[in-house]
Amino acid sequence: MELGIYSFGELLDHRDGRSAGTLHERFTQMLELGKLADAGGLDVISFGEHHRPDFSMSAPEIVLAAISGVTERLRLSSGVTVLSSQDPVRVFEQFATLDNISDGRAEIIAGRGAFVESFPLFGYDLADYDALFDEKLRLLLQIRDDEVVTWTGRFRAALEAAAISPRPVQTPLPIWVGVGGTPASAMRAGALGLPMNLGFFAGPEQFVPRVELYHRAAETKGHERSSLRVAASGHMYVGKTSQRAREDFYPYYSRYLQASGVPFAADGFPRHTYEAWIEASLPVGSPQQVVDAIMRRVELLGIDRFMGQIDVGNLPWSMTRDSLELYMTEVAPVLRRETSRISAR
């Protein structure tokens, strides 16, 4: 079982003034997150791409490169790279460079993007939302597998015997597909034989059909089930006690969902909905509650990696550090022990 953390580097304002207020402060925290996660024995850190003023992470590969210099073993992943509005050649070059700098620790999680601000920013039509991703993912895979590429598509200039460099240390460079609730996305990942990262907050039961579709699509294309991987990622906060964790986290989580444009949180996240999400396995609470929530994902979805968004909504740094410490010292050891028992059966 691999365990990790991820962040979007949010820059939300809060009434108490205890959260990061500048880009410099936020990026300093990101580097510290990497050092703490590496020292604490976590497996992976991931940063997601956004292009809006309340998120600092428009170029996650640069932040990952900085973290590579202050860590030794931590895997360095995007989460997600919004591939639909990027050039696959440039994405590959950037992550192959990161892979060399980090001695083979880079990963790409490619996705269509939950937010769509990058499409008009880089001149793409939202009407091509899915077609862009499908074409660019296939090109990225061809670049990964072939050092010299000849290719023609709809959305990019053709390539004729193009030598794409540098080449990564890892063969092949790991490329995951980030999947939300769309069945077609799970089927695409399976048909291509790629590992799948499911992003959701609560209610893992609803994603069982997605995993089944993923496996069926993979088997139809001749991919061995043993070669497939499934990860889950989502919001997380670990406190010393259940009630304290709920109370401390709620105002920041409410502000985050409100700022993100969630319709039912326009005037603040309803407390009864928050409590219902926790009951439906949102990983918020005491260490044991968070263990139970993640194990629910293991049992239902067969995941072998979990990544928690450790600083949702620009939490005060002390809260992020305390939550991370509990995750590394009280949650991770139990999860590894329990999943090892499952694997040994």
# chains A, B, ... in the order shown; residues from 1 in each chain; ligands from 1

$ residues_around --residues "Pro183 in chain A" --least-positions-apart "4" --cutoff "8 Å" --atoms "only C-alpha atoms" --output "list in words"
Met187, Arg210 and Leu213 of chain A

$ select_by_dssp --residues "range 76-217 of chain A" --states "alpha helix (DSSP H)" --output "tab-separated table (two decimals) with all heavy atoms, in the first residue's frame"
chain	number	residue	atom	x	y	z
A	88	PRO	N	1.47	17.77	-25.37
A	88	PRO	CA	2.07	16.53	-24.86
A	88	PRO	C	3.59	16.45	-25.04
A	88	PRO	O	4.27	15.85	-24.21
A	88	PRO	CB	1.37	15.44	-25.68
A	88	PRO	CG	0.07	16.05	-26.07
A	88	PRO	CD	0.36	17.51	-26.29
A	89	VAL	N	4.12	17.07	-26.10
A	89	VAL	CA	5.57	17.07	-26.27
A	89	VAL	C	6.23	17.81	-25.12
A	89	VAL	O	7.19	17.33	-24.51
A	89	VAL	CB	5.97	17.70	-27.62
A	89	VAL	CG1	7.49	17.83	-27.73
A	89	VAL	CG2	5.42	16.89	-28.78
A	90	ARG	N	5.68	18.98	-24.79
A	90	ARG	CA	6.27	19.78	-23.72
A	90	ARG	C	6.08	19.10	-22.37
A	90	ARG	O	7.00	19.11	-21.53
A	90	ARG	CB	5.61	21.16	-23.70
A	90	ARG	CG	6.39	22.17	-22.87
A	90	ARG	CD	7.68	22.54	-23.58
A	90	ARG	NE	8.44	23.51	-22.78
A	90	ARG	CZ	9.66	23.29	-22.31
A	90	ARG	NH1	10.27	22.14	-22.55
A	90	ARG	NH2	10.29	24.21	-21.62
A	91	VAL	N	4.93	18.50	-22.15
A	91	VAL	CA	4.69	17.78	-20.89
A	91	VAL	C	5.72	16.67	-20.72
A	91	VAL	O	6.33	16.51	-19.66
A	91	VAL	CB	3.26	17.21	-20.84
A	91	VAL	CG1	3.09	16.23	-19.67
A	91	VAL	CG2	2.24	18.34	-20.72
A	92	PHE	N	5.94	15.90	-21.77
A	92	PHE	CA	6.90	14.81	-21.68
A	92	PHE	C	8.30	15.34	-21.41
A	92	PHE	O	9.03	14.79	-20.57
A	92	PHE	CB	6.90	13.97	-22.96
A	92	PHE	CG	7.83	12.80	-22.89
A	92	PHE	CD1	7.43	11.62	-22.29
A	92	PHE	CD2	9.12	12.88	-23.38
A	92	PHE	CE1	8.29	10.54	-22.18
A	92	PHE	CE2	10.00	11.81	-23.28
A	92	PHE	CZ	9.58	10.63	-22.68
A	93	GLU	N	8.70	16.40	-22.11
A	93	GLU	CA	10.03	16.97	-21.90
A	93	GLU	C	10.21	17.42	-20.45
A	93	GLU	O	11.26	17.18	-19.83
A	93	GLU	CB	10.24	18.16	-22.83
A	93	GLU	CG	10.39	17.78	-24.29
A	93	GLU	CD	10.46	19.01	-25.20
A	93	GLU	OE1	10.02	20.10	-24.76
A	93	GLU	OE2	10.94	18.87	-26.33
A	94	GLN	N	9.19	18.07	-19.90
A	94	GLN	CA	9.28	18.57	-18.53
A	94	GLN	C	9.42	17.43	-17.53
A	94	GLN	O	10.27	17.49	-16.62
A	94	GLN	CB	8.04	19.41	-18.21
A	94	GLN	CG	8.01	20.74	-18.95
A	94	GLN	CD	6.65	21.40	-18.91
A	94	GLN	OE1	5.63	20.76	-18.67
A	94	GLN	NE2	6.63	22.70	-19.17
A	95	PHE	N	8.60	16.39	-17.68
A	95	PHE	CA	8.63	15.31	-16.69
A	95	PHE	C	9.81	14.36	-16.91
A	95	PHE	O	10.30	13.75	-15.96
A	95	PHE	CB	7.29	14.58	-16.66
A	95	PHE	CG	6.27	15.33	-15.83
A	95	PHE	CD1	5.49	16.31	-16.40
A	95	PHE	CD2	6.15	15.08	-14.47
A	95	PHE	CE1	4.58	17.03	-15.64
A	95	PHE	CE2	5.24	15.78	-13.70
A	95	PHE	CZ	4.46	16.77	-14.28
A	96	ALA	N	10.28	14.24	-18.14
A	96	ALA	CA	11.52	13.49	-18.36
A	96	ALA	C	12.70	14.22	-17.72
A	96	ALA	O	13.61	13.59	-17.15
A	96	ALA	CB	11.76	13.30	-19.86
A	97	THR	N	12.69	15.54	-17.79
A	97	THR	CA	13.72	16.33	-17.12
A	97	THR	C	13.63	16.13	-15.61
A	97	THR	O	14.65	15.89	-14.94
A	97	THR	CB	13.57	17.82	-17.46
A	97	THR	OG1	13.70	18.00	-18.88
A	97	THR	CG2	14.63	18.66	-16.76
A	98	LEU	N	12.43	16.23	-15.06
A	98	LEU	CA	12.23	15.99	-13.63
A	98	LEU	C	12.68	14.60	-13.24
A	98	LEU	O	13.30	14.40	-12.18
A	98	LEU	CB	10.75	16.19	-13.28
A	98	LEU	CG	10.33	15.85	-11.84
A	98	LEU	CD1	11.04	16.73	-10.83
A	98	LEU	CD2	8.81	15.96	-11.69
A	99	ASP	N	12.43	13.62	-14.08
A	99	ASP	CA	12.83	12.25	-13.78
A	99	ASP	C	14.33	12.12	-13.68
A	99	ASP	O	14.85	11.41	-12.80
A	99	ASP	CB	12.28	11.31	-14.86
A	99	ASP	CG	12.16	9.88	-14.37
A	99	ASP	OD1	11.58	9.67	-13.28
A	99	ASP	OD2	12.63	8.97	-15.07
A	100	ASN	N	15.04	12.81	-14.55
A	100	ASN	CA	16.51	12.79	-14.49
A	100	ASN	C	17.03	13.53	-13.27
A	100	ASN	O	17.94	13.06	-12.59
A	100	ASN	CB	17.09	13.38	-15.78
A	100	ASN	CG	17.12	12.39	-16.92
A	100	ASN	OD1	18.06	11.61	-17.05
A	100	ASN	ND2	16.07	12.39	-17.73
A	101	ILE	N	16.46	14.69	-12.98
A	101	ILE	CA	16.89	15.47	-11.83
A	101	ILE	C	16.68	14.69	-10.53
A	101	ILE	O	17.51	14.75	-9.62
A	101	ILE	CB	16.11	16.80	-11.77
A	101	ILE	CG1	16.57	17.74	-12.89
A	101	ILE	CG2	16.27	17.48	-10.41
A	101	ILE	CD1	15.72	18.98	-13.02
A	118	SER	N	-8.29	26.82	-17.85
A	118	SER	CA	-7.13	26.73	-18.74
A	118	SER	C	-7.53	26.68	-20.22
A	118	SER	O	-6.71	26.99	-21.09
A	118	SER	CB	-6.29	25.50	-18.39
A	118	SER	OG	-7.01	24.30	-18.63
A	119	PHE	N	-8.76	26.30	-20.52
A	119	PHE	CA	-9.16	26.16	-21.93
A	119	PHE	C	-9.18	27.50	-22.65
A	119	PHE	O	-8.49	27.68	-23.66
A	119	PHE	CB	-10.50	25.43	-22.02
A	119	PHE	CG	-10.40	23.96	-21.72
A	119	PHE	CD1	-10.32	23.51	-20.41
A	119	PHE	CD2	-10.36	23.03	-22.74
A	119	PHE	CE1	-10.21	22.16	-20.12
A	119	PHE	CE2	-10.25	21.67	-22.47
A	119	PHE	CZ	-10.17	21.25	-21.15
A	120	PRO	N	-9.94	28.51	-22.18
A	120	PRO	CA	-9.85	29.81	-22.84
A	120	PRO	C	-8.48	30.47	-22.69
A	120	PRO	O	-8.03	31.18	-23.60
A	120	PRO	CB	-10.94	30.63	-22.15
A	120	PRO	CG	-11.18	29.96	-20.84
A	120	PRO	CD	-10.94	28.51	-21.09
A	121	LEU	N	-7.80	30.21	-21.58
A	121	LEU	CA	-6.50	30.83	-21.35
A	121	LEU	C	-5.49	30.43	-22.43
A	121	LEU	O	-4.69	31.25	-22.89
A	121	LEU	CB	-5.98	30.41	-19.96
A	121	LEU	CG	-4.66	31.02	-19.50
A	121	LEU	CD1	-4.78	32.53	-19.34
A	121	LEU	CD2	-4.21	30.38	-18.18
A	129	TYR	N	-13.68	19.24	-25.25
A	129	TYR	CA	-13.17	18.84	-23.93
A	129	TYR	C	-12.64	17.40	-23.91
A	129	TYR	O	-11.50	17.16	-23.54
A	129	TYR	CB	-14.30	19.01	-22.92
A	129	TYR	CG	-13.97	18.70	-21.48
A	129	TYR	CD1	-13.14	19.54	-20.74
A	129	TYR	CD2	-14.53	17.59	-20.85
A	129	TYR	CE1	-12.86	19.28	-19.40
A	129	TYR	CE2	-14.26	17.32	-19.52
A	129	TYR	CZ	-13.43	18.17	-18.80
A	129	TYR	OH	-13.15	17.90	-17.49
A	130	ASP	N	-13.45	16.45	-24.33
A	130	ASP	CA	-13.05	15.05	-24.27
A	130	ASP	C	-12.14	14.67	-25.43
A	130	ASP	O	-11.17	13.92	-25.25
A	130	ASP	CB	-14.27	14.14	-24.25
A	130	ASP	CG	-13.89	12.69	-23.94
A	130	ASP	OD1	-13.44	12.43	-22.81
A	130	ASP	OD2	-14.03	11.84	-24.84
A	131	ALA	N	-12.44	15.18	-26.62
A	131	ALA	CA	-11.62	14.83	-27.79
A	131	ALA	C	-10.18	15.30	-27.62
A	131	ALA	O	-9.23	14.62	-28.01
A	131	ALA	CB	-12.23	15.43	-29.05
A	132	LEU	N	-10.00	16.48	-27.02
A	132	LEU	CA	-8.66	16.98	-26.76
A	132	LEU	C	-7.88	16.03	-25.86
A	132	LEU	O	-6.72	15.70	-26.14
A	132	LEU	CB	-8.74	18.36	-26.09
A	132	LEU	CG	-8.96	19.57	-26.99
A	132	LEU	CD1	-9.43	20.77	-26.17
A	132	LEU	CD2	-7.67	19.92	-27.73
A	133	PHE	N	-8.53	15.60	-24.80
A	133	PHE	CA	-7.83	14.74	-23.85
A	133	PHE	C	-7.48	13.40	-24.49
A	133	PHE	O	-6.36	12.89	-24.33
A	133	PHE	CB	-8.68	14.52	-22.59
A	133	PHE	CG	-7.99	13.65	-21.58
A	133	PHE	CD1	-6.89	14.12	-20.87
A	133	PHE	CD2	-8.43	12.35	-21.34
A	133	PHE	CE1	-6.25	13.32	-19.94
A	133	PHE	CE2	-7.80	11.54	-20.41
A	133	PHE	CZ	-6.70	12.03	-19.71
A	134	ASP	N	-8.42	12.82	-25.20
A	134	ASP	CA	-8.17	11.51	-25.79
A	134	ASP	C	-7.01	11.57	-26.78
A	134	ASP	O	-6.10	10.72	-26.73
A	134	ASP	CB	-9.43	11.02	-26.50
A	134	ASP	CG	-9.29	9.60	-27.00
A	134	ASP	OD1	-9.28	8.67	-26.17
A	134	ASP	OD2	-9.17	9.40	-28.23
A	135	GLU	N	-7.01	12.56	-27.66
A	135	GLU	CA	-5.94	12.66	-28.65
A	135	GLU	C	-4.59	12.93	-27.99
A	135	GLU	O	-3.57	12.31	-28.33
A	135	GLU	CB	-6.25	13.77	-29.65
A	135	GLU	CG	-5.16	13.96	-30.69
A	135	GLU	CD	-5.49	15.01	-31.71
A	135	GLU	OE1	-6.46	14.82	-32.48
A	135	GLU	OE2	-4.76	16.04	-31.75
A	136	LYS	N	-4.58	13.83	-27.02
A	136	LYS	CA	-3.31	14.21	-26.40
A	136	LYS	C	-2.75	13.11	-25.51
A	136	LYS	O	-1.54	12.94	-25.40
A	136	LYS	CB	-3.47	15.52	-25.65
A	136	LYS	CG	-3.70	16.70	-26.58
A	136	LYS	CD	-3.69	18.02	-25.83
A	136	LYS	CE	-3.79	19.18	-26.81
A	136	LYS	NZ	-3.53	20.48	-26.16
A	137	LEU	N	-3.63	12.36	-24.87
A	137	LEU	CA	-3.15	11.24	-24.05
A	137	LEU	C	-2.49	10.20	-24.95
A	137	LEU	O	-1.42	9.66	-24.61
A	137	LEU	CB	-4.31	10.62	-23.27
A	137	LEU	CG	-3.97	9.39	-22.42
A	137	LEU	CD1	-2.91	9.71	-21.36
A	137	LEU	CD2	-5.23	8.82	-21.76
A	138	ARG	N	-3.09	9.90	-26.07
A	138	ARG	CA	-2.52	8.90	-26.98
A	138	ARG	C	-1.18	9.37	-27.55
A	138	ARG	O	-0.24	8.58	-27.72
A	138	ARG	CB	-3.52	8.55	-28.08
A	138	ARG	CG	-4.74	7.82	-27.54
A	138	ARG	CD	-5.82	7.59	-28.58
A	138	ARG	NE	-7.04	7.09	-27.98
A	138	ARG	CZ	-7.28	5.82	-27.68
A	138	ARG	NH1	-6.35	4.90	-27.95
A	138	ARG	NH2	-8.42	5.45	-27.13
A	139	LEU	N	-1.08	10.66	-27.83
A	139	LEU	CA	0.19	11.19	-28.30
A	139	LEU	C	1.24	11.12	-27.20
A	139	LEU	O	2.40	10.74	-27.45
A	139	LEU	CB	0.03	12.64	-28.78
A	139	LEU	CG	1.33	13.36	-29.17
A	139	LEU	CD1	2.12	12.60	-30.22
A	139	LEU	CD2	1.02	14.79	-29.64
A	140	LEU	N	0.88	11.48	-25.97
A	140	LEU	CA	1.82	11.40	-24.85
A	140	LEU	C	2.34	9.98	-24.67
A	140	LEU	O	3.54	9.77	-24.45
A	140	LEU	CB	1.15	11.88	-23.57
A	140	LEU	CG	2.01	11.88	-22.30
A	140	LEU	CD1	3.19	12.84	-22.43
A	140	LEU	CD2	1.15	12.24	-21.08
A	141	LEU	N	1.48	9.00	-24.80
A	141	LEU	CA	1.90	7.61	-24.68
A	141	LEU	C	2.83	7.21	-25.82
A	141	LEU	O	3.80	6.47	-25.61
A	141	LEU	CB	0.68	6.69	-24.64
A	141	LEU	CG	-0.21	6.82	-23.40
A	141	LEU	CD1	-1.46	5.98	-23.55
A	141	LEU	CD2	0.55	6.42	-22.13
A	142	GLN	N	2.55	7.70	-27.03
A	142	GLN	CA	3.43	7.37	-28.16
A	142	GLN	C	4.81	7.98	-27.95
A	142	GLN	O	5.84	7.34	-28.22
A	142	GLN	CB	2.81	7.86	-29.47
A	142	GLN	CG	3.62	7.43	-30.69
A	142	GLN	CD	2.95	7.79	-32.00
A	142	GLN	OE1	1.75	8.09	-32.05
A	142	GLN	NE2	3.71	7.80	-33.08
A	143	ILE	N	4.85	9.21	-27.45
A	143	ILE	CA	6.13	9.85	-27.18
A	143	ILE	C	6.89	9.08	-26.10
A	143	ILE	O	8.11	8.91	-26.18
A	143	ILE	CB	5.91	11.32	-26.74
A	143	ILE	CG1	5.32	12.13	-27.88
A	143	ILE	CG2	7.21	11.94	-26.25
A	143	ILE	CD1	4.80	13.49	-27.44
A	144	ARG	N	6.16	8.63	-25.09
A	144	ARG	CA	6.82	7.86	-24.02
A	144	ARG	C	7.42	6.57	-24.56
A	144	ARG	O	8.52	6.17	-24.15
A	144	ARG	CB	5.79	7.52	-22.93
A	144	ARG	CG	6.39	6.74	-21.77
A	144	ARG	CD	5.35	6.25	-20.80
A	144	ARG	NE	4.51	5.19	-21.35
A	144	ARG	CZ	3.64	4.48	-20.64
A	144	ARG	NH1	3.48	4.73	-19.36
A	144	ARG	NH2	2.91	3.53	-21.21
A	145	ASP	N	6.72	5.91	-25.48
A	145	ASP	CA	7.13	4.58	-25.93
A	145	ASP	C	8.11	4.61	-27.10
A	145	ASP	O	8.83	3.64	-27.33
A	145	ASP	CB	5.89	3.76	-26.30
A	145	ASP	CG	4.99	3.50	-25.11
A	145	ASP	OD1	5.47	3.60	-23.96
A	145	ASP	OD2	3.79	3.24	-25.32
A	183	PRO	N	-17.86	7.40	-16.47
A	183	PRO	CA	-17.56	6.02	-16.84
A	183	PRO	C	-16.60	5.91	-18.02
A	183	PRO	O	-15.73	5.04	-18.04
A	183	PRO	CB	-18.94	5.45	-17.20
A	183	PRO	CG	-19.92	6.30	-16.45
A	183	PRO	CD	-19.31	7.67	-16.42
A	184	ALA	N	-16.75	6.80	-19.01
A	184	ALA	CA	-15.89	6.72	-20.20
A	184	ALA	C	-14.42	6.91	-19.84
A	184	ALA	O	-13.54	6.32	-20.48
A	184	ALA	CB	-16.33	7.77	-21.22
A	185	SER	N	-14.15	7.72	-18.83
A	185	SER	CA	-12.76	7.95	-18.43
A	185	SER	C	-12.15	6.68	-17.84
A	185	SER	O	-11.00	6.34	-18.11
A	185	SER	CB	-12.68	9.09	-17.42
A	185	SER	OG	-13.08	10.30	-18.00
A	186	ALA	N	-12.94	5.97	-17.02
A	186	ALA	CA	-12.46	4.72	-16.44
A	186	ALA	C	-12.23	3.68	-17.54
A	186	ALA	O	-11.23	2.94	-17.52
A	186	ALA	CB	-13.46	4.20	-15.42
A	187	MET	N	-13.12	3.63	-18.52
A	187	MET	CA	-12.98	2.68	-19.61
A	187	MET	C	-11.76	3.01	-20.47
A	187	MET	O	-11.04	2.11	-20.91
A	187	MET	CB	-14.25	2.68	-20.46
A	187	MET	CG	-15.47	2.13	-19.71
A	187	MET	SD	-17.00	2.30	-20.66
A	187	MET	CE	-16.68	1.15	-22.00
A	188	ARG	N	-11.50	4.30	-20.68
A	188	ARG	CA	-10.32	4.69	-21.46
A	188	ARG	C	-9.04	4.24	-20.76
A	188	ARG	O	-8.14	3.68	-21.38
A	188	ARG	CB	-10.31	6.20	-21.66
A	188	ARG	CG	-9.09	6.71	-22.43
A	188	ARG	CD	-9.01	8.23	-22.42
A	188	ARG	NE	-10.04	8.83	-23.24
A	188	ARG	CZ	-10.98	9.66	-22.80
A	188	ARG	NH1	-11.04	9.96	-21.51
A	188	ARG	NH2	-11.87	10.16	-23.62
A	189	ALA	N	-8.97	4.49	-19.46
A	189	ALA	CA	-7.78	4.09	-18.70
A	189	ALA	C	-7.58	2.58	-18.79
A	189	ALA	O	-6.45	2.10	-18.98
A	189	ALA	CB	-7.92	4.53	-17.25
A	190	GLY	N	-8.65	1.82	-18.64
A	190	GLY	CA	-8.54	0.37	-18.72
A	190	GLY	C	-8.14	-0.12	-20.09
A	190	GLY	O	-7.26	-0.99	-20.22
A	191	ALA	N	-8.75	0.44	-21.13
A	191	ALA	CA	-8.44	0.01	-22.49
A	191	ALA	C	-6.98	0.26	-22.84
A	191	ALA	O	-6.37	-0.51	-23.59
A	191	ALA	CB	-9.35	0.72	-23.48
A	208	VAL	N	-17.55	1.83	-7.20
A	208	VAL	CA	-17.36	0.41	-7.50
A	208	VAL	C	-17.63	0.11	-8.97
A	208	VAL	O	-16.85	-0.59	-9.63
A	208	VAL	CB	-18.23	-0.46	-6.57
A	208	VAL	CG1	-18.19	-1.92	-7.00
A	208	VAL	CG2	-17.75	-0.33	-5.12
A	209	PRO	N	-18.73	0.63	-9.55
A	209	PRO	CA	-18.96	0.37	-10.99
A	209	PRO	C	-17.85	0.91	-11.88
A	209	PRO	O	-17.57	0.34	-12.94
A	209	PRO	CB	-20.30	1.07	-11.26
A	209	PRO	CG	-20.97	1.15	-9.94
A	209	PRO	CD	-19.87	1.34	-8.95
A	210	ARG	N	-17.22	2.03	-11.47
A	210	ARG	CA	-16.14	2.58	-12.28
A	210	ARG	C	-14.94	1.63	-12.32
A	210	ARG	O	-14.33	1.42	-13.36
A	210	ARG	CB	-15.69	3.93	-11.72
A	210	ARG	CG	-16.76	4.98	-11.63
A	210	ARG	CD	-17.22	5.47	-12.99
A	210	ARG	NE	-18.27	6.46	-12.85
A	210	ARG	CZ	-19.58	6.19	-12.79
A	210	ARG	NH1	-19.98	4.93	-12.90
A	210	ARG	NH2	-20.47	7.15	-12.66
A	211	VAL	N	-14.63	1.05	-11.18
A	211	VAL	CA	-13.51	0.10	-11.12
A	211	VAL	C	-13.85	-1.15	-11.92
A	211	VAL	O	-12.98	-1.70	-12.62
A	211	VAL	CB	-13.17	-0.24	-9.65
A	211	VAL	CG1	-12.10	-1.32	-9.58
A	211	VAL	CG2	-12.70	1.01	-8.91
A	212	GLU	N	-15.08	-1.60	-11.85
A	212	GLU	CA	-15.48	-2.77	-12.63
A	212	GLU	C	-15.37	-2.49	-14.13
A	212	GLU	O	-14.89	-3.33	-14.90
A	212	GLU	CB	-16.91	-3.17	-12.26
A	212	GLU	CG	-17.03	-3.72	-10.83
A	212	GLU	CD	-18.46	-3.94	-10.40
A	212	GLU	OE1	-19.38	-3.43	-11.10
A	212	GLU	OE2	-18.67	-4.59	-9.36
A	213	LEU	N	-15.81	-1.30	-14.56
A	213	LEU	CA	-15.68	-0.92	-15.97
A	213	LEU	C	-14.20	-0.86	-16.38
A	213	LEU	O	-13.84	-1.29	-17.48
A	213	LEU	CB	-16.32	0.45	-16.20
A	213	LEU	CG	-17.84	0.50	-16.30
A	213	LEU	CD1	-18.31	1.96	-16.35
A	213	LEU	CD2	-18.34	-0.25	-17.53
A	214	TYR	N	-13.39	-0.33	-15.52
A	214	TYR	CA	-11.94	-0.23	-15.77
A	214	TYR	C	-11.35	-1.62	-16.01
A	214	TYR	O	-10.63	-1.84	-16.99
A	214	TYR	CB	-11.31	0.45	-14.56
A	214	TYR	CG	-9.79	0.43	-14.49
A	214	TYR	CD1	-9.03	1.18	-15.39
A	214	TYR	CD2	-9.13	-0.29	-13.50
A	214	TYR	CE1	-7.64	1.19	-15.30
A	214	TYR	CE2	-7.74	-0.28	-13.41
A	214	TYR	CZ	-7.00	0.45	-14.32
A	214	TYR	OH	-5.64	0.46	-14.23
A	215	HIS	N	-11.66	-2.55	-15.14
A	215	HIS	CA	-11.11	-3.90	-15.28
A	215	HIS	C	-11.65	-4.61	-16.52
A	215	HIS	O	-10.90	-5.28	-17.24
A	215	HIS	CB	-11.42	-4.72	-14.03
A	215	HIS	CG	-10.56	-4.36	-12.86
A	215	HIS	ND1	-11.04	-4.25	-11.58
A	215	HIS	CD2	-9.24	-4.07	-12.77
A	215	HIS	CE1	-10.06	-3.92	-10.75
A	215	HIS	NE2	-8.96	-3.80	-11.46
A	216	ARG	N	-12.94	-4.44	-16.80
A	216	ARG	CA	-13.51	-5.09	-17.98
A	216	ARG	C	-12.90	-4.54	-19.27
A	216	ARG	O	-12.60	-5.30	-20.20
A	216	ARG	CB	-15.04	-4.92	-17.99
A	216	ARG	CG	-15.77	-5.83	-17.03
A	216	ARG	CD	-17.20	-6.08	-17.48
A	216	ARG	NE	-17.97	-4.85	-17.51
A	216	ARG	CZ	-18.66	-4.37	-16.47
A	216	ARG	NH1	-18.64	-5.00	-15.31
A	216	ARG	NH2	-19.36	-3.26	-16.58
A	217	ALA	N	-12.74	-3.21	-19.33
A	217	ALA	CA	-12.14	-2.61	-20.53
A	217	ALA	C	-10.71	-3.08	-20.72
A	217	ALA	O	-10.27	-3.34	-21.85
A	217	ALA	CB	-12.19	-1.08	-20.42

$ closest_residue --among "A:Ser7, A:Thr320, A:Thr71, A:Gln29" --to "Met57 in chain A" --atoms "only C-alpha atoms"
A:Ser7

$ closest_residue --among "A:Val331, A:Gly40, A:Leu194, A:Ile342" --to "Asp292 in chain A" --atoms "only C-alpha atoms"
A:Val331

$ residues_around --residues "range 233-248 of chain A" --least-positions-apart "6" --cutoff "9 Å" --atoms "only C-alpha atoms" --output "count of residues only"
37

$ select_by_dssp --residues "range 9-107 of chain A" --states "strand (DSSP E)" --output "ChimeraX atom specification"
/A:44-47,75-78,81-82,106-107

$ write_last_selection --atoms "N, CA, C and O atoms" --output "compact mmCIF listing (two decimals), in the first residue's frame"
# COMPACT_ATOMS: atom_id res chain seq x y z
N VAL A 44 4.65 9.21 -1.81
CA VAL A 44 4.43 10.07 -2.97
C VAL A 44 3.86 11.41 -2.53
O VAL A 44 3.11 11.49 -1.55
N ILE A 45 4.24 12.46 -3.26
CA ILE A 45 3.63 13.78 -3.11
C ILE A 45 3.19 14.22 -4.50
O ILE A 45 3.85 13.95 -5.50
N SER A 46 2.04 14.90 -4.53
CA SER A 46 1.43 15.26 -5.81
C SER A 46 0.91 16.69 -5.74
O SER A 46 0.36 17.10 -4.73
N PHE A 47 1.09 17.43 -6.84
CA PHE A 47 0.58 18.79 -6.92
C PHE A 47 -0.27 18.93 -8.17
O PHE A 47 0.14 18.51 -9.26
N ARG A 75 8.27 9.88 -4.25
CA ARG A 75 7.89 9.97 -5.65
C ARG A 75 7.20 11.31 -5.88
O ARG A 75 6.49 11.83 -5.03
N LEU A 76 7.42 11.88 -7.08
CA LEU A 76 7.03 13.26 -7.39
C LEU A 76 6.03 13.24 -8.55
O LEU A 76 6.40 12.91 -9.68
N SER A 77 4.79 13.59 -8.25
CA SER A 77 3.72 13.40 -9.22
C SER A 77 2.90 14.67 -9.44
O SER A 77 2.69 15.46 -8.51
N SER A 78 2.44 14.86 -10.67
CA SER A 78 1.40 15.85 -10.90
C SER A 78 0.07 15.25 -10.47
O SER A 78 -0.04 14.05 -10.31
N THR A 81 -2.08 16.80 -14.25
CA THR A 81 -1.68 17.63 -15.39
C THR A 81 -2.89 17.74 -16.29
O THR A 81 -3.44 16.73 -16.74
N VAL A 82 -3.35 18.98 -16.53
CA VAL A 82 -4.53 19.17 -17.38
C VAL A 82 -4.08 19.03 -18.84
O VAL A 82 -3.79 20.01 -19.53
N ALA A 106 9.81 10.63 -11.00
CA ALA A 106 8.72 11.43 -11.56
C ALA A 106 7.55 10.57 -12.01
O ALA A 106 7.73 9.43 -12.45
N GLU A 107 6.36 11.13 -11.91
CA GLU A 107 5.14 10.52 -12.42
C GLU A 107 4.24 11.61 -12.98
O GLU A 107 4.27 12.75 -12.53

$ atom_distance --atom1 "CA of Glu224 in chain A" --atom2 "CA of Ile303 in chain A"
16.4 Å

$ atom_distance --atom1 "CA of Gly193 in chain A" --atom2 "CA of Leu83 in chain A"
18.0 Å

$ atom_distance --atom1 "CA of Val291 in chain A" --atom2 "CA of Ile109 in chain A"
24.5 Å

$ residues_around --residues "Gln258 in chain A" --least-positions-apart "4" --cutoff "8 Å" --atoms "only C-alpha atoms" --output "MDAnalysis selection string"
chainID A and resid 254 262:263 265:269

$ write_last_selection --atoms "N, CA, C and O atoms" --output "short mmCIF file (atom, residue, chain, number, x, y, z; two decimals), in the first residue's frame"
data_model
loop_
_atom_site.label_atom_id
_atom_site.label_comp_id
_atom_site.auth_asym_id
_atom_site.auth_seq_id
_atom_site.Cartn_x
_atom_site.Cartn_y
_atom_site.Cartn_z
N SER A 254 -15.44 24.60 4.72
CA SER A 254 -16.60 25.33 4.22
C SER A 254 -16.19 26.47 3.30
O SER A 254 -16.75 26.66 2.22
N VAL A 262 -18.92 25.37 -5.45
CA VAL A 262 -19.87 24.27 -5.25
C VAL A 262 -21.24 24.88 -4.99
O VAL A 262 -21.40 25.66 -4.04
N PRO A 263 -22.26 24.56 -5.80
CA PRO A 263 -23.55 25.26 -5.70
C PRO A 263 -24.18 25.22 -4.31
O PRO A 263 -24.65 26.26 -3.82
N ALA A 265 -22.83 25.06 -1.53
CA ALA A 265 -22.01 25.73 -0.52
C ALA A 265 -21.84 27.21 -0.80
O ALA A 265 -20.96 27.86 -0.26
N ALA A 266 -22.73 27.77 -1.63
CA ALA A 266 -22.60 29.18 -2.02
C ALA A 266 -22.63 30.11 -0.82
O ALA A 266 -21.97 31.15 -0.80
N ASP A 267 -23.40 29.76 0.20
CA ASP A 267 -23.48 30.56 1.42
C ASP A 267 -22.76 29.89 2.59
O ASP A 267 -23.02 30.21 3.75
N GLY A 268 -21.86 28.96 2.27
CA GLY A 268 -21.18 28.18 3.29
C GLY A 268 -21.64 26.74 3.24
O GLY A 268 -22.79 26.44 2.88
N PHE A 269 -20.75 25.83 3.58
CA PHE A 269 -21.04 24.39 3.51
C PHE A 269 -22.01 24.01 4.63
O PHE A 269 -21.69 24.21 5.81
#
